[in-house]
$ cat my_file06.cif   # mmCIF, C-alpha atoms and all ligand atoms; chains and numbers go by the auth columns
data_target
#
loop_
_atom_site.group_PDB
_atom_site.id
_atom_site.type_symbol
_atom_site.label_atom_id
_atom_site.label_comp_id
_atom_site.label_asym_id
_atom_site.label_seq_id
_atom_site.Cartn_x
_atom_site.Cartn_y
_atom_site.Cartn_z
_atom_site.B_iso_or_equiv
_atom_site.auth_seq_id
_atom_site.auth_asym_id
ATOM 1 C CA MET A 1 0.000 0.000 0.000 0.00 1 M
ATOM 2 C CA ILE A 2 1.467 3.339 -1.135 0.00 2 M
ATOM 3 C CA ILE A 3 0.050 6.834 -0.669 0.00 3 M
ATOM 4 C CA ASP A 4 0.735 9.736 -3.025 0.00 4 M
ATOM 5 C CA THR A 5 0.707 12.570 -0.480 0.00 5 M
ATOM 6 C CA HIS A 6 0.697 15.391 -3.032 0.00 6 M
ATOM 7 C CA ALA A 7 -1.319 14.963 -6.231 0.00 7 M
ATOM 8 C CA HIS A 8 -3.200 17.714 -8.061 0.00 8 M
ATOM 9 C CA LEU A 9 -5.547 15.156 -9.610 0.00 9 M
ATOM 10 C CA TYR A 10 -8.259 17.793 -9.997 0.00 10 M
ATOM 11 C CA ASP A 11 -6.086 19.635 -12.562 0.00 11 M
ATOM 12 C CA GLU A 12 -7.828 19.970 -15.926 0.00 12 M
ATOM 13 C CA VAL A 13 -5.110 17.906 -17.660 0.00 13 M
ATOM 14 C CA TYR A 14 -6.757 14.829 -16.106 0.00 14 M
ATOM 15 C CA ASN A 15 -10.296 15.745 -17.140 0.00 15 M
ATOM 16 C CA ILE A 16 -10.432 13.216 -19.951 0.00 16 M
ATOM 17 C CA ASP A 17 -8.745 10.230 -18.317 0.00 17 M
ATOM 18 C CA ILE A 18 -8.885 10.568 -14.530 0.00 18 M
ATOM 19 C CA SER A 19 -10.328 7.053 -14.085 0.00 19 M
ATOM 20 C CA ASN A 20 -7.459 5.530 -16.096 0.00 20 M
ATOM 21 C CA VAL A 21 -4.922 7.567 -14.130 0.00 21 M
ATOM 22 C CA ILE A 22 -6.354 6.167 -10.895 0.00 22 M
ATOM 23 C CA ILE A 23 -6.593 2.586 -12.211 0.00 23 M
ATOM 24 C CA ARG A 24 -2.950 2.689 -13.424 0.00 24 M
ATOM 25 C CA ALA A 25 -1.848 3.794 -9.937 0.00 25 M
ATOM 26 C CA ILE A 26 -3.963 1.255 -8.070 0.00 26 M
ATOM 27 C CA LYS A 27 -2.487 -1.559 -10.192 0.00 27 M
ATOM 28 C CA GLU A 28 0.872 -0.535 -8.698 0.00 28 M
ATOM 29 C CA ASN A 29 -0.600 -0.525 -5.153 0.00 29 M
ATOM 30 C CA ILE A 30 -0.684 3.272 -5.043 0.00 30 M
ATOM 31 C CA CYS A 31 -4.133 3.393 -3.486 0.00 31 M
ATOM 32 C CA ASN A 32 -4.660 6.695 -1.672 0.00 32 M
ATOM 33 C CA PHE A 33 -4.123 10.242 -2.913 0.00 33 M
ATOM 34 C CA PHE A 34 -3.953 13.493 -0.950 0.00 34 M
ATOM 35 C CA LEU A 35 -5.068 16.551 -2.931 0.00 35 M
ATOM 36 C CA PRO A 36 -3.404 19.885 -2.110 0.00 36 M
ATOM 37 C CA SER A 37 -5.493 23.008 -2.512 0.00 37 M
ATOM 38 C CA LEU A 38 -4.319 26.191 -4.281 0.00 38 M
ATOM 39 C CA ASN A 39 -7.052 28.596 -3.159 0.00 39 M
ATOM 40 C CA ILE A 40 -10.690 28.542 -2.165 0.00 40 M
ATOM 41 C CA PHE A 41 -11.790 28.371 -5.822 0.00 41 M
ATOM 42 C CA SER A 42 -9.707 25.249 -6.502 0.00 42 M
ATOM 43 C CA LEU A 43 -11.485 23.636 -3.559 0.00 43 M
ATOM 44 C CA LYS A 44 -14.638 23.350 -5.631 0.00 44 M
ATOM 45 C CA ASN A 45 -12.811 21.120 -8.127 0.00 45 M
ATOM 46 C CA ILE A 46 -11.082 19.175 -5.367 0.00 46 M
ATOM 47 C CA ILE A 47 -14.281 18.394 -3.519 0.00 47 M
ATOM 48 C CA HIS A 48 -16.001 17.501 -6.779 0.00 48 M
ATOM 49 C CA ILE A 49 -13.411 14.841 -7.639 0.00 49 M
ATOM 50 C CA GLU A 50 -13.208 13.665 -4.020 0.00 50 M
ATOM 51 C CA THR A 51 -16.907 12.867 -4.063 0.00 51 M
ATOM 52 C CA MET A 52 -16.333 10.765 -7.208 0.00 52 M
ATOM 53 C CA TYR A 53 -13.767 8.587 -5.357 0.00 53 M
ATOM 54 C CA PRO A 54 -14.529 9.200 -1.666 0.00 54 M
ATOM 55 C CA GLU A 55 -12.678 6.150 -0.313 0.00 55 M
ATOM 56 C CA ILE A 56 -9.339 6.966 -1.894 0.00 56 M
ATOM 57 C CA LEU A 57 -9.083 10.727 -2.421 0.00 57 M
ATOM 58 C CA PHE A 58 -8.547 13.121 0.491 0.00 58 M
ATOM 59 C CA SER A 59 -8.749 16.906 0.272 0.00 59 M
ATOM 60 C CA MET A 60 -6.520 19.477 1.853 0.00 60 M
ATOM 61 C CA ILE A 61 -7.551 23.098 2.337 0.00 61 M
ATOM 62 C CA GLY A 62 -5.202 26.045 2.005 0.00 62 M
ATOM 63 C CA ILE A 63 -4.078 29.075 0.024 0.00 63 M
ATOM 64 C CA HIS A 64 -0.866 28.652 -1.989 0.00 64 M
ATOM 65 C CA PRO A 65 1.452 31.718 -1.859 0.00 65 M
ATOM 66 C CA ASN A 66 1.257 32.202 -5.643 0.00 66 M
ATOM 67 C CA TYR A 67 -2.533 32.281 -5.443 0.00 67 M
ATOM 68 C CA ILE A 68 -2.864 35.067 -2.874 0.00 68 M
ATOM 69 C CA ASN A 69 -5.256 37.621 -4.326 0.00 69 M
ATOM 70 C CA ILE A 70 -4.780 40.842 -2.425 0.00 70 M
ATOM 71 C CA LYS A 71 -8.376 41.912 -3.123 0.00 71 M
ATOM 72 C CA ASN A 72 -10.152 39.026 -1.461 0.00 72 M
ATOM 73 C CA ILE A 73 -7.552 37.148 0.562 0.00 73 M
ATOM 74 C CA TYR A 74 -9.172 37.847 3.936 0.00 74 M
ATOM 75 C CA LYS A 75 -12.549 36.833 2.590 0.00 75 M
ATOM 76 C CA GLU A 76 -10.972 33.553 1.469 0.00 76 M
ATOM 77 C CA ILE A 77 -9.404 33.065 4.887 0.00 77 M
ATOM 78 C CA ASP A 78 -12.843 33.538 6.475 0.00 78 M
ATOM 79 C CA ILE A 79 -14.341 30.934 4.141 0.00 79 M
ATOM 80 C CA MET A 80 -11.436 28.617 4.953 0.00 80 M
ATOM 81 C CA LYS A 81 -12.070 28.970 8.704 0.00 81 M
ATOM 82 C CA LYS A 82 -15.725 28.087 8.190 0.00 82 M
ATOM 83 C CA MET A 83 -14.935 25.136 5.908 0.00 83 M
ATOM 84 C CA VAL A 84 -12.492 23.491 8.335 0.00 84 M
ATOM 85 C CA ASN A 85 -15.268 23.407 10.908 0.00 85 M
ATOM 86 C CA LYS A 86 -17.782 21.973 8.481 0.00 86 M
ATOM 87 C CA ARG A 87 -16.069 18.929 6.997 0.00 87 M
ATOM 88 C CA PRO A 88 -12.888 16.862 7.380 0.00 88 M
ATOM 89 C CA PHE A 89 -9.629 17.737 5.624 0.00 89 M
ATOM 90 C CA ILE A 90 -6.446 15.670 5.629 0.00 90 M
ATOM 91 C CA ALA A 91 -4.180 18.749 6.048 0.00 91 M
ATOM 92 C CA ILE A 92 -3.805 22.490 5.660 0.00 92 M
ATOM 93 C CA GLY A 93 -1.980 22.927 2.365 0.00 93 M
ATOM 94 C CA GLU A 94 -0.356 23.893 0.324 0.00 94 M
ATOM 95 C CA ILE A 95 0.753 26.984 2.188 0.00 95 M
ATOM 96 C CA GLY A 96 4.075 28.804 2.469 0.00 96 M
ATOM 97 C CA ILE A 97 6.332 31.290 0.748 0.00 97 M
ATOM 98 C CA ASP A 98 7.403 31.582 -2.903 0.00 98 M
ATOM 99 C CA ILE A 99 10.068 34.037 -4.091 0.00 99 M
ATOM 100 C CA PHE A 100 10.901 32.263 -7.322 0.00 100 M
ATOM 101 C CA ASN A 101 10.673 35.440 -9.432 0.00 101 M
ATOM 102 C CA SER A 102 10.467 39.198 -8.965 0.00 102 M
ATOM 103 C CA LYS A 103 6.673 39.203 -9.202 0.00 103 M
ATOM 104 C CA SER A 104 6.287 36.655 -6.419 0.00 104 M
ATOM 105 C CA LYS A 105 8.773 38.622 -4.282 0.00 105 M
ATOM 106 C CA GLU A 106 6.580 41.729 -4.369 0.00 106 M
ATOM 107 C CA ASN A 107 4.089 40.596 -1.736 0.00 107 M
ATOM 108 C CA ILE A 108 6.520 38.736 0.512 0.00 108 M
ATOM 109 C CA ASN A 109 5.222 40.406 3.668 0.00 109 M
ATOM 110 C CA LEU A 110 1.645 39.479 2.858 0.00 110 M
ATOM 111 C CA GLN A 111 2.794 35.921 2.059 0.00 111 M
ATOM 112 C CA LYS A 112 4.402 35.657 5.494 0.00 112 M
ATOM 113 C CA LYS A 113 1.278 36.948 7.200 0.00 113 M
ATOM 114 C CA ILE A 114 -1.064 34.575 5.336 0.00 114 M
ATOM 115 C CA PHE A 115 1.298 31.657 5.988 0.00 115 M
ATOM 116 C CA LYS A 116 1.191 32.336 9.740 0.00 116 M
ATOM 117 C CA ILE A 117 -2.597 32.754 9.798 0.00 117 M
ATOM 118 C CA GLN A 118 -2.973 29.362 8.089 0.00 118 M
ATOM 119 C CA ILE A 119 -0.546 27.688 10.508 0.00 119 M
ATOM 120 C CA GLU A 120 -2.717 28.992 13.348 0.00 120 M
ATOM 121 C CA ILE A 121 -5.776 27.396 11.721 0.00 121 M
ATOM 122 C CA ALA A 122 -3.859 24.112 11.440 0.00 122 M
ATOM 123 C CA LYS A 123 -2.802 24.261 15.090 0.00 123 M
ATOM 124 C CA GLU A 124 -6.320 24.994 16.213 0.00 124 M
ATOM 125 C CA LYS A 125 -7.733 22.058 14.259 0.00 125 M
ATOM 126 C CA ASN A 126 -4.779 19.794 15.060 0.00 126 M
ATOM 127 C CA LEU A 127 -4.039 19.291 11.363 0.00 127 M
ATOM 128 C CA PRO A 128 -0.616 18.847 9.721 0.00 128 M
ATOM 129 C CA ILE A 129 0.638 21.494 7.285 0.00 129 M
ATOM 130 C CA VAL A 130 1.910 20.938 3.742 0.00 130 M
ATOM 131 C CA ILE A 131 4.483 23.610 2.951 0.00 131 M
ATOM 132 C CA HIS A 132 5.439 25.127 -0.391 0.00 132 M
ATOM 133 C CA SER A 133 8.894 26.748 -0.107 0.00 133 M
ATOM 134 C CA ARG A 134 10.170 27.559 -3.612 0.00 134 M
ATOM 135 C CA ASN A 135 13.434 29.523 -3.242 0.00 135 M
ATOM 136 C CA SER A 136 12.371 30.363 0.297 0.00 136 M
ATOM 137 C CA ILE A 137 13.320 27.486 2.570 0.00 137 M
ATOM 138 C CA ASP A 138 15.361 29.672 4.957 0.00 138 M
ATOM 139 C CA ILE A 139 12.540 32.213 5.285 0.00 139 M
ATOM 140 C CA VAL A 140 10.050 29.386 5.965 0.00 140 M
ATOM 141 C CA LEU A 141 12.335 27.767 8.553 0.00 141 M
ATOM 142 C CA ASP A 142 13.007 31.123 10.258 0.00 142 M
ATOM 143 C CA ILE A 143 9.261 31.745 10.637 0.00 143 M
ATOM 144 C CA LEU A 144 8.659 28.264 12.006 0.00 144 M
ATOM 145 C CA GLU A 145 11.647 28.275 14.382 0.00 145 M
ATOM 146 C CA LYS A 146 10.772 31.689 15.787 0.00 146 M
ATOM 147 C CA ASN A 147 7.077 31.031 16.312 0.00 147 M
ATOM 148 C CA TYR A 148 6.510 27.317 16.840 0.00 148 M
ATOM 149 C CA ASN A 149 8.367 24.766 18.975 0.00 149 M
ATOM 150 C CA SER A 150 7.085 21.820 17.078 0.00 150 M
ATOM 151 C CA ILE A 151 4.777 21.350 14.176 0.00 151 M
ATOM 152 C CA SER A 152 3.550 18.356 12.236 0.00 152 M
ATOM 153 C CA GLY A 153 3.658 18.323 8.453 0.00 153 M
ATOM 154 C CA VAL A 154 5.873 18.188 5.419 0.00 154 M
ATOM 155 C CA ILE A 155 8.166 20.469 3.428 0.00 155 M
ATOM 156 C CA HIS A 156 6.701 19.483 0.108 0.00 156 M
ATOM 157 C CA CYS A 157 9.167 19.108 -2.808 0.00 157 M
ATOM 158 C CA PHE A 158 12.179 19.521 -0.538 0.00 158 M
ATOM 159 C CA THR A 159 15.204 20.905 -2.413 0.00 159 M
ATOM 160 C CA GLY A 160 17.263 22.344 0.451 0.00 160 M
ATOM 161 C CA ASN A 161 20.724 21.384 1.688 0.00 161 M
ATOM 162 C CA ILE A 162 21.625 19.020 4.533 0.00 162 M
ATOM 163 C CA ASP A 163 21.612 21.811 7.119 0.00 163 M
ATOM 164 C CA GLN A 164 18.122 22.899 6.047 0.00 164 M
ATOM 165 C CA ALA A 165 17.009 19.245 6.090 0.00 165 M
ATOM 166 C CA LYS A 166 18.195 18.902 9.689 0.00 166 M
ATOM 167 C CA ARG A 167 16.496 22.143 10.731 0.00 167 M
ATOM 168 C CA SER A 168 13.204 20.966 9.166 0.00 168 M
ATOM 169 C CA ILE A 169 13.384 17.614 10.933 0.00 169 M
ATOM 170 C CA LYS A 170 14.151 19.286 14.267 0.00 170 M
ATOM 171 C CA ILE A 171 10.943 21.323 14.022 0.00 171 M
ATOM 172 C CA GLY A 172 9.026 18.079 13.435 0.00 172 M
ATOM 173 C CA LEU A 173 8.593 18.195 9.680 0.00 173 M
ATOM 174 C CA LYS A 174 9.105 15.502 7.074 0.00 174 M
ATOM 175 C CA LEU A 175 10.795 16.070 3.728 0.00 175 M
ATOM 176 C CA GLY A 176 8.548 15.492 0.708 0.00 176 M
ATOM 177 C CA ILE A 177 10.471 13.719 -2.046 0.00 177 M
ATOM 178 C CA GLY A 178 9.197 13.199 -5.583 0.00 178 M
ATOM 179 C CA GLY A 179 10.133 13.521 -9.238 0.00 179 M
ATOM 180 C CA ILE A 180 12.563 16.359 -8.570 0.00 180 M
ATOM 181 C CA LEU A 181 14.914 13.664 -7.300 0.00 181 M
ATOM 182 C CA PHE A 182 15.830 12.969 -10.923 0.00 182 M
ATOM 183 C CA TYR A 183 16.922 16.569 -11.510 0.00 183 M
ATOM 184 C CA ASN A 184 18.562 17.458 -8.215 0.00 184 M
ATOM 185 C CA LYS A 185 21.598 15.332 -7.384 0.00 185 M
ATOM 186 C CA ASN A 186 21.980 17.127 -4.047 0.00 186 M
ATOM 187 C CA LEU A 187 18.966 15.165 -2.823 0.00 187 M
ATOM 188 C CA TYR A 188 20.943 11.933 -3.241 0.00 188 M
ATOM 189 C CA LYS A 189 23.386 13.088 -0.568 0.00 189 M
ATOM 190 C CA ILE A 190 20.562 14.053 1.765 0.00 190 M
ATOM 191 C CA ILE A 191 18.764 10.728 1.343 0.00 191 M
ATOM 192 C CA LYS A 192 22.031 8.929 2.135 0.00 192 M
ATOM 193 C CA LYS A 193 22.678 11.007 5.235 0.00 193 M
ATOM 194 C CA ILE A 194 19.299 11.244 6.967 0.00 194 M
ATOM 195 C CA ASP A 195 17.080 8.616 8.515 0.00 195 M
ATOM 196 C CA LEU A 196 14.401 7.580 5.997 0.00 196 M
ATOM 197 C CA ASN A 197 11.829 8.004 8.765 0.00 197 M
ATOM 198 C CA ASN A 198 12.014 11.685 7.862 0.00 198 M
ATOM 199 C CA ILE A 199 10.896 11.294 4.266 0.00 199 M
ATOM 200 C CA ILE A 200 7.470 10.999 2.709 0.00 200 M
ATOM 201 C CA LEU A 201 6.703 10.325 -0.942 0.00 201 M
ATOM 202 C CA GLU A 202 4.750 12.502 -3.337 0.00 202 M
ATOM 203 C CA THR A 203 4.486 13.172 -7.054 0.00 203 M
ATOM 204 C CA ASP A 204 3.190 16.786 -7.193 0.00 204 M
ATOM 205 C CA CYS A 205 1.506 15.633 -10.406 0.00 205 M
ATOM 206 C CA PRO A 206 0.932 16.932 -13.038 0.00 206 M
ATOM 207 C CA TYR A 207 4.131 18.903 -12.318 0.00 207 M
ATOM 208 C CA LEU A 208 7.702 17.652 -11.825 0.00 208 M
ATOM 209 C CA SER A 209 7.484 14.502 -13.883 0.00 209 M
ATOM 210 C CA PRO A 210 10.340 12.057 -13.327 0.00 210 M
ATOM 211 C CA VAL A 211 10.118 11.328 -17.059 0.00 211 M
ATOM 212 C CA LYS A 212 11.057 14.413 -19.078 0.00 212 M
ATOM 213 C CA GLY A 213 8.323 15.642 -21.411 0.00 213 M
ATOM 214 C CA LYS A 214 5.673 13.289 -19.982 0.00 214 M
ATOM 215 C CA ARG A 215 2.706 14.350 -17.916 0.00 215 M
ATOM 216 C CA ASN A 216 3.279 13.321 -14.325 0.00 216 M
ATOM 217 C CA GLU A 217 0.799 11.057 -12.522 0.00 217 M
ATOM 218 C CA PRO A 218 0.728 8.947 -9.315 0.00 218 M
ATOM 219 C CA PHE A 219 1.767 5.787 -11.229 0.00 219 M
ATOM 220 C CA PHE A 220 5.303 7.275 -11.411 0.00 220 M
ATOM 221 C CA LEU A 221 5.674 7.043 -7.641 0.00 221 M
ATOM 222 C CA LYS A 222 6.972 3.506 -8.262 0.00 222 M
ATOM 223 C CA LYS A 223 9.907 5.008 -10.186 0.00 223 M
ATOM 224 C CA ILE A 224 10.695 7.361 -7.309 0.00 224 M
ATOM 225 C CA ILE A 225 10.585 4.505 -4.779 0.00 225 M
ATOM 226 C CA LYS A 226 12.933 2.436 -6.962 0.00 226 M
ATOM 227 C CA GLU A 227 15.411 5.314 -7.094 0.00 227 M
ATOM 228 C CA ILE A 228 15.310 5.817 -3.302 0.00 228 M
ATOM 229 C CA SER A 229 15.846 2.092 -2.881 0.00 229 M
ATOM 230 C CA LYS A 230 18.952 2.344 -5.087 0.00 230 M
ATOM 231 C CA ILE A 231 20.315 5.379 -3.230 0.00 231 M
ATOM 232 C CA SER A 232 19.677 3.991 0.255 0.00 232 M
ATOM 233 C CA SER A 233 20.524 0.346 -0.584 0.00 233 M
ATOM 234 C CA LEU A 234 17.301 -0.752 1.092 0.00 234 M
ATOM 235 C CA PRO A 235 14.807 -3.108 -0.584 0.00 235 M
ATOM 236 C CA ILE A 236 11.767 -1.548 -2.245 0.00 236 M
ATOM 237 C CA ASN A 237 9.388 -3.225 0.235 0.00 237 M
ATOM 238 C CA GLU A 238 11.276 -1.698 3.127 0.00 238 M
ATOM 239 C CA ILE A 239 11.010 1.790 1.589 0.00 239 M
ATOM 240 C CA ILE A 240 7.258 1.283 1.151 0.00 240 M
ATOM 241 C CA LYS A 241 6.880 0.078 4.753 0.00 241 M
ATOM 242 C CA ILE A 242 8.842 3.009 6.187 0.00 242 M
ATOM 243 C CA ASN A 243 6.903 5.451 4.035 0.00 243 M
ATOM 244 C CA ILE A 244 3.457 4.249 5.012 0.00 244 M
ATOM 245 C CA ASN A 245 4.364 4.595 8.701 0.00 245 M
ATOM 246 C CA ASN A 246 5.711 8.093 8.095 0.00 246 M
ATOM 247 C CA VAL A 247 2.553 9.142 6.277 0.00 247 M
ATOM 248 C CA LEU A 248 0.247 7.702 8.927 0.00 248 M
ATOM 249 C CA ASN A 249 2.162 9.482 11.684 0.00 249 M
ATOM 250 C CA THR A 250 2.425 12.805 9.880 0.00 250 M
ATOM 251 C CA PHE A 251 -1.229 12.949 8.900 0.00 251 M
ATOM 252 C CA ASN A 252 -2.493 11.610 12.250 0.00 252 M
ATOM 253 C CA LEU A 253 -3.887 8.439 10.734 0.00 253 M
ATOM 254 C CA TYR A 254 -3.711 5.214 12.633 0.00 254 M
ATOM 255 C CA LYS A 255 -4.295 2.724 9.891 0.00 255 M
ATOM 256 C CA PRO A 256 -4.047 2.740 6.097 0.00 256 M
ATOM 257 C CA LEU A 257 -7.147 4.375 4.740 0.00 257 M
ATOM 258 C CA PHE A 258 -8.283 1.855 2.206 0.00 258 M
ATOM 259 C CA TYR A 259 -6.921 -1.402 0.861 0.00 259 M
ATOM 260 C CA ILE A 260 -7.761 -2.760 -2.543 0.00 260 M
HETATM 261 ZN ZN ZN B . 1.648 21.181 -5.324 0.00 1 P
#
$ encode --input "my_file06.cif" --output "structure tokens" --more "lines below"
Ligand SMILES: [Zn+2]
Amino acid sequence: MIIDTHAHLYDEVYNIDISNVIIRAIKENICNFFLPSLNIFSLKNIIHIETMYPEILFSMIGIHPNYINIKNIYKEIDIMKKMVNKRPFIAIGEIGIDIFNSKSKENINLQKKIFKIQIEIAKEKNLPIVIHSRNSIDIVLDILEKNYNSISGVIHCFTGNIDQAKRSIKIGLKLGIGGILFYNKNLYKIIKKIDLNNIILETDCPYLSPVKGKRNEPFFLKKIIKEISKISSLPINEIIKININNVLNTFNLYKPLFYI
């Protein structure tokens, strides 16, 4: 049993073949999928697809830093606060900071503020957080270290160095590893050095495909697991076993959600 902890399966690129995408994954034992939210509007699509496959898809709620709309952000936060009280979510995500380009740098102070507000919601509801930290891992870690002793969640698509990996783990976070592994050789060193109990697996599909030029989908998680097995010299089954425990602990689940 494998869980893809970060899959944008509600993206329109899957509109025509979502059932095949899910069947292909399930055939490889990838049976549960956590869906990260981008903003309150994306939630509509997430909840729609979740109701199509309620046993295996699990929604997050959150506002991604690139999707902060200055005009209605506080209205969205209010809706978010109401929603988390109305129905279950697997996590608050994806939330964080993005300073990838000059445009995303412009509202950095607002990003920090919205990030903190959403962490407070997570703490209140006892939910883990799924963090987006493109080009901003030090800023994210500074905020967390200054304001929170310990926090449960994951630095999704971790691309930091070993020092940043250790800082993340110390706070209580896991490192989300996916297709980027095939483009970032630095991650090899990190996987060799840290305890695999600190890693959880994700695809971030349809982005970051491990196969260049191909649309990413949960099925490719098998490829990522194989690569981690090679790097760590541990058998594939062991990687899967460690990962399922990590996911269950991080997302406060006590047993796998659904077996096929
Ligand atoms: Zn994502």
$ residues_near_ligand --input "my_file06.cif" --ligand "ligand ZN 1 (chain P)" --cutoff "7 Å" --atoms "all atoms listed in the file" --output "list in words"
His6, Ala7, His8, Pro36, Glu94 and Asp204 of chain M
$ resolve_selection --input "my_file06.cif" --expression "the PyMOL selection byres (((chain M and resi 136-145) around 9) and not hetatm)" --output "PyMOL selection string"
chain M and resi 96-100+112+116+131-135+146-151+155+158-160+164+167-168+171
$ resolve_selection --input "my_file06.cif" --expression "the PyMOL selection byres (((chain M and resi 62) around 8) and not hetatm)" --output "list of chain:residue names"
M:Pro36, M:Ser37, M:Leu38, M:Asn39, M:Ile40, M:Met60, M:Ile61, M:Ile63, M:His64, M:Met80, M:Ile92, M:Gly93, M:Glu94, M:Ile95, M:Gln118
$ write_last_selection --input "my_file06.cif" --atoms "C-alpha atoms" --output "compact mmCIF listing (two decimals), keeping the file's coordinate frame"
# COMPACT_ATOMS: atom_id res chain seq x y z
CA PRO M 36 -3.40 19.89 -2.11
CA SER M 37 -5.49 23.01 -2.51
CA LEU M 38 -4.32 26.19 -4.28
CA ASN M 39 -7.05 28.60 -3.16
CA ILE M 40 -10.69 28.54 -2.16
CA MET M 60 -6.52 19.48 1.85
CA ILE M 61 -7.55 23.10 2.34
CA ILE M 63 -4.08 29.08 0.02
CA HIS M 64 -0.87 28.65 -1.99
CA MET M 80 -11.44 28.62 4.95
CA ILE M 92 -3.80 22.49 5.66
CA GLY M 93 -1.98 22.93 2.37
CA GLU M 94 -0.36 23.89 0.32
CA ILE M 95 0.75 26.98 2.19
CA GLN M 118 -2.97 29.36 8.09
$ resolve_selection --input "my_file06.cif" --expression "the PyMOL selection byres (((chain M and resi 57-59) around 9) and not hetatm)" --output "ChimeraX atom specification"
/M:31-37,43,46-47,49-56,60-61,88-91
$ atom_distance --input "my_file06.cif" --atom1 "atom CA of Ile68 of chain M" --atom2 "atom CA of Lys123 of chain M"
21.0 Å
$ residues_around --input "my_file06.cif" --residues "Gly153 of chain M" --least-positions-apart "4" --cutoff "7 Å" --atoms "only C-alpha atoms" --output "list in words"
Pro128, Ile129, Val130, Leu173, Lys174 and Thr250 of chain M
$ residues_near_point --input "my_file06.cif" --point "(8.1, 19.7, -10.5)" --cutoff "10 Å" --atoms "all atoms listed in the file" --output "PyMOL selection string"
chain M and resi 157+178-181+183+203-210+216
$ closest_residue --input "my_file06.cif" --among "M:Lys226, M:Arg87, M:Lys189, M:Arg215" --to "Val21 of chain M" --atoms "all atoms listed in the file"
M:Arg215
$ closest_residue --input "my_file06.cif" --among "M:Ile236, M:Ile194, M:Ile114, M:Ser152" --to "Leu248 of chain M" --atoms "all atoms listed in the file"
M:Ser152
$ atom_distance --input "my_file06.cif" --atom1 "atom CA of Phe219 of chain M" --atom2 "atom CA of Arg24 of chain M"
6.1 Å
$ atom_distance --input "my_file06.cif" --atom1 "atom CA of Asp195 of chain M" --atom2 "atom CA of Asn126 of chain M"
25.4 Å
$ closest_residue --input "my_file06.cif" --among "M:Val84, M:Leu110, M:Val247, M:Ala165" --to "Leu127 of chain M" --atoms "only C-alpha atoms"
M:Val84
$ residues_near_point --input "my_file06.cif" --point "(17.9, 11.4, 4.5)" --cutoff "12 Å" --atoms "all atoms listed in the file" --output "VMD selection string"
chain M and resid 158 160 to 166 168 to 169 174 to 177 186 to 200 228 231 to 232
$ closest_residue --input "my_file06.cif" --among "M:Glu217, M:Asp11, M:Asp17, M:Glu202" --to "Ile244 of chain M" --atoms "only C-alpha atoms"
M:Glu202
$ build_atoms --input "my_file06.cif" --residues "segment 106-118 of chain M" --atoms "N, CA and C atoms" --output "tab-separated table (two decimals), in the coordinates of the input"
chain	number	residue	atom	x	y	z
M	106	GLU	N	7.23	40.45	-4.68
M	106	GLU	CA	6.58	41.73	-4.37
M	106	GLU	C	5.75	41.70	-3.09
M	107	ASN	N	4.99	40.62	-2.89
M	107	ASN	CA	4.09	40.60	-1.74
M	107	ASN	C	4.61	39.69	-0.62
M	108	ILE	N	5.91	39.64	-0.47
M	108	ILE	CA	6.52	38.74	0.51
M	108	ILE	C	5.97	38.93	1.93
M	109	ASN	N	5.73	40.19	2.31
M	109	ASN	CA	5.22	40.41	3.67
M	109	ASN	C	3.81	39.86	3.85
M	110	LEU	N	3.01	40.04	2.81
M	110	LEU	CA	1.64	39.48	2.86
M	110	LEU	C	1.72	37.95	2.88
M	111	GLN	N	2.63	37.39	2.07
M	111	GLN	CA	2.79	35.92	2.06
M	111	GLN	C	3.11	35.39	3.46
M	112	LYS	N	4.02	36.10	4.14
M	112	LYS	CA	4.40	35.66	5.49
M	112	LYS	C	3.20	35.69	6.44
M	113	LYS	N	2.44	36.77	6.33
M	113	LYS	CA	1.28	36.95	7.20
M	113	LYS	C	0.24	35.84	6.97
M	114	ILE	N	-0.04	35.58	5.68
M	114	ILE	CA	-1.06	34.58	5.34
M	114	ILE	C	-0.58	33.17	5.72
M	115	PHE	N	0.71	32.94	5.58
M	115	PHE	CA	1.30	31.66	5.99
M	115	PHE	C	1.05	31.43	7.48
M	116	LYS	N	1.35	32.47	8.29
M	116	LYS	CA	1.19	32.34	9.74
M	116	LYS	C	-0.27	32.14	10.14
M	117	ILE	N	-1.16	32.90	9.48
M	117	ILE	CA	-2.60	32.75	9.80
M	117	ILE	C	-3.03	31.30	9.55
M	118	GLN	N	-2.55	30.73	8.44
M	118	GLN	CA	-2.97	29.36	8.09
M	118	GLN	C	-2.35	28.33	9.03
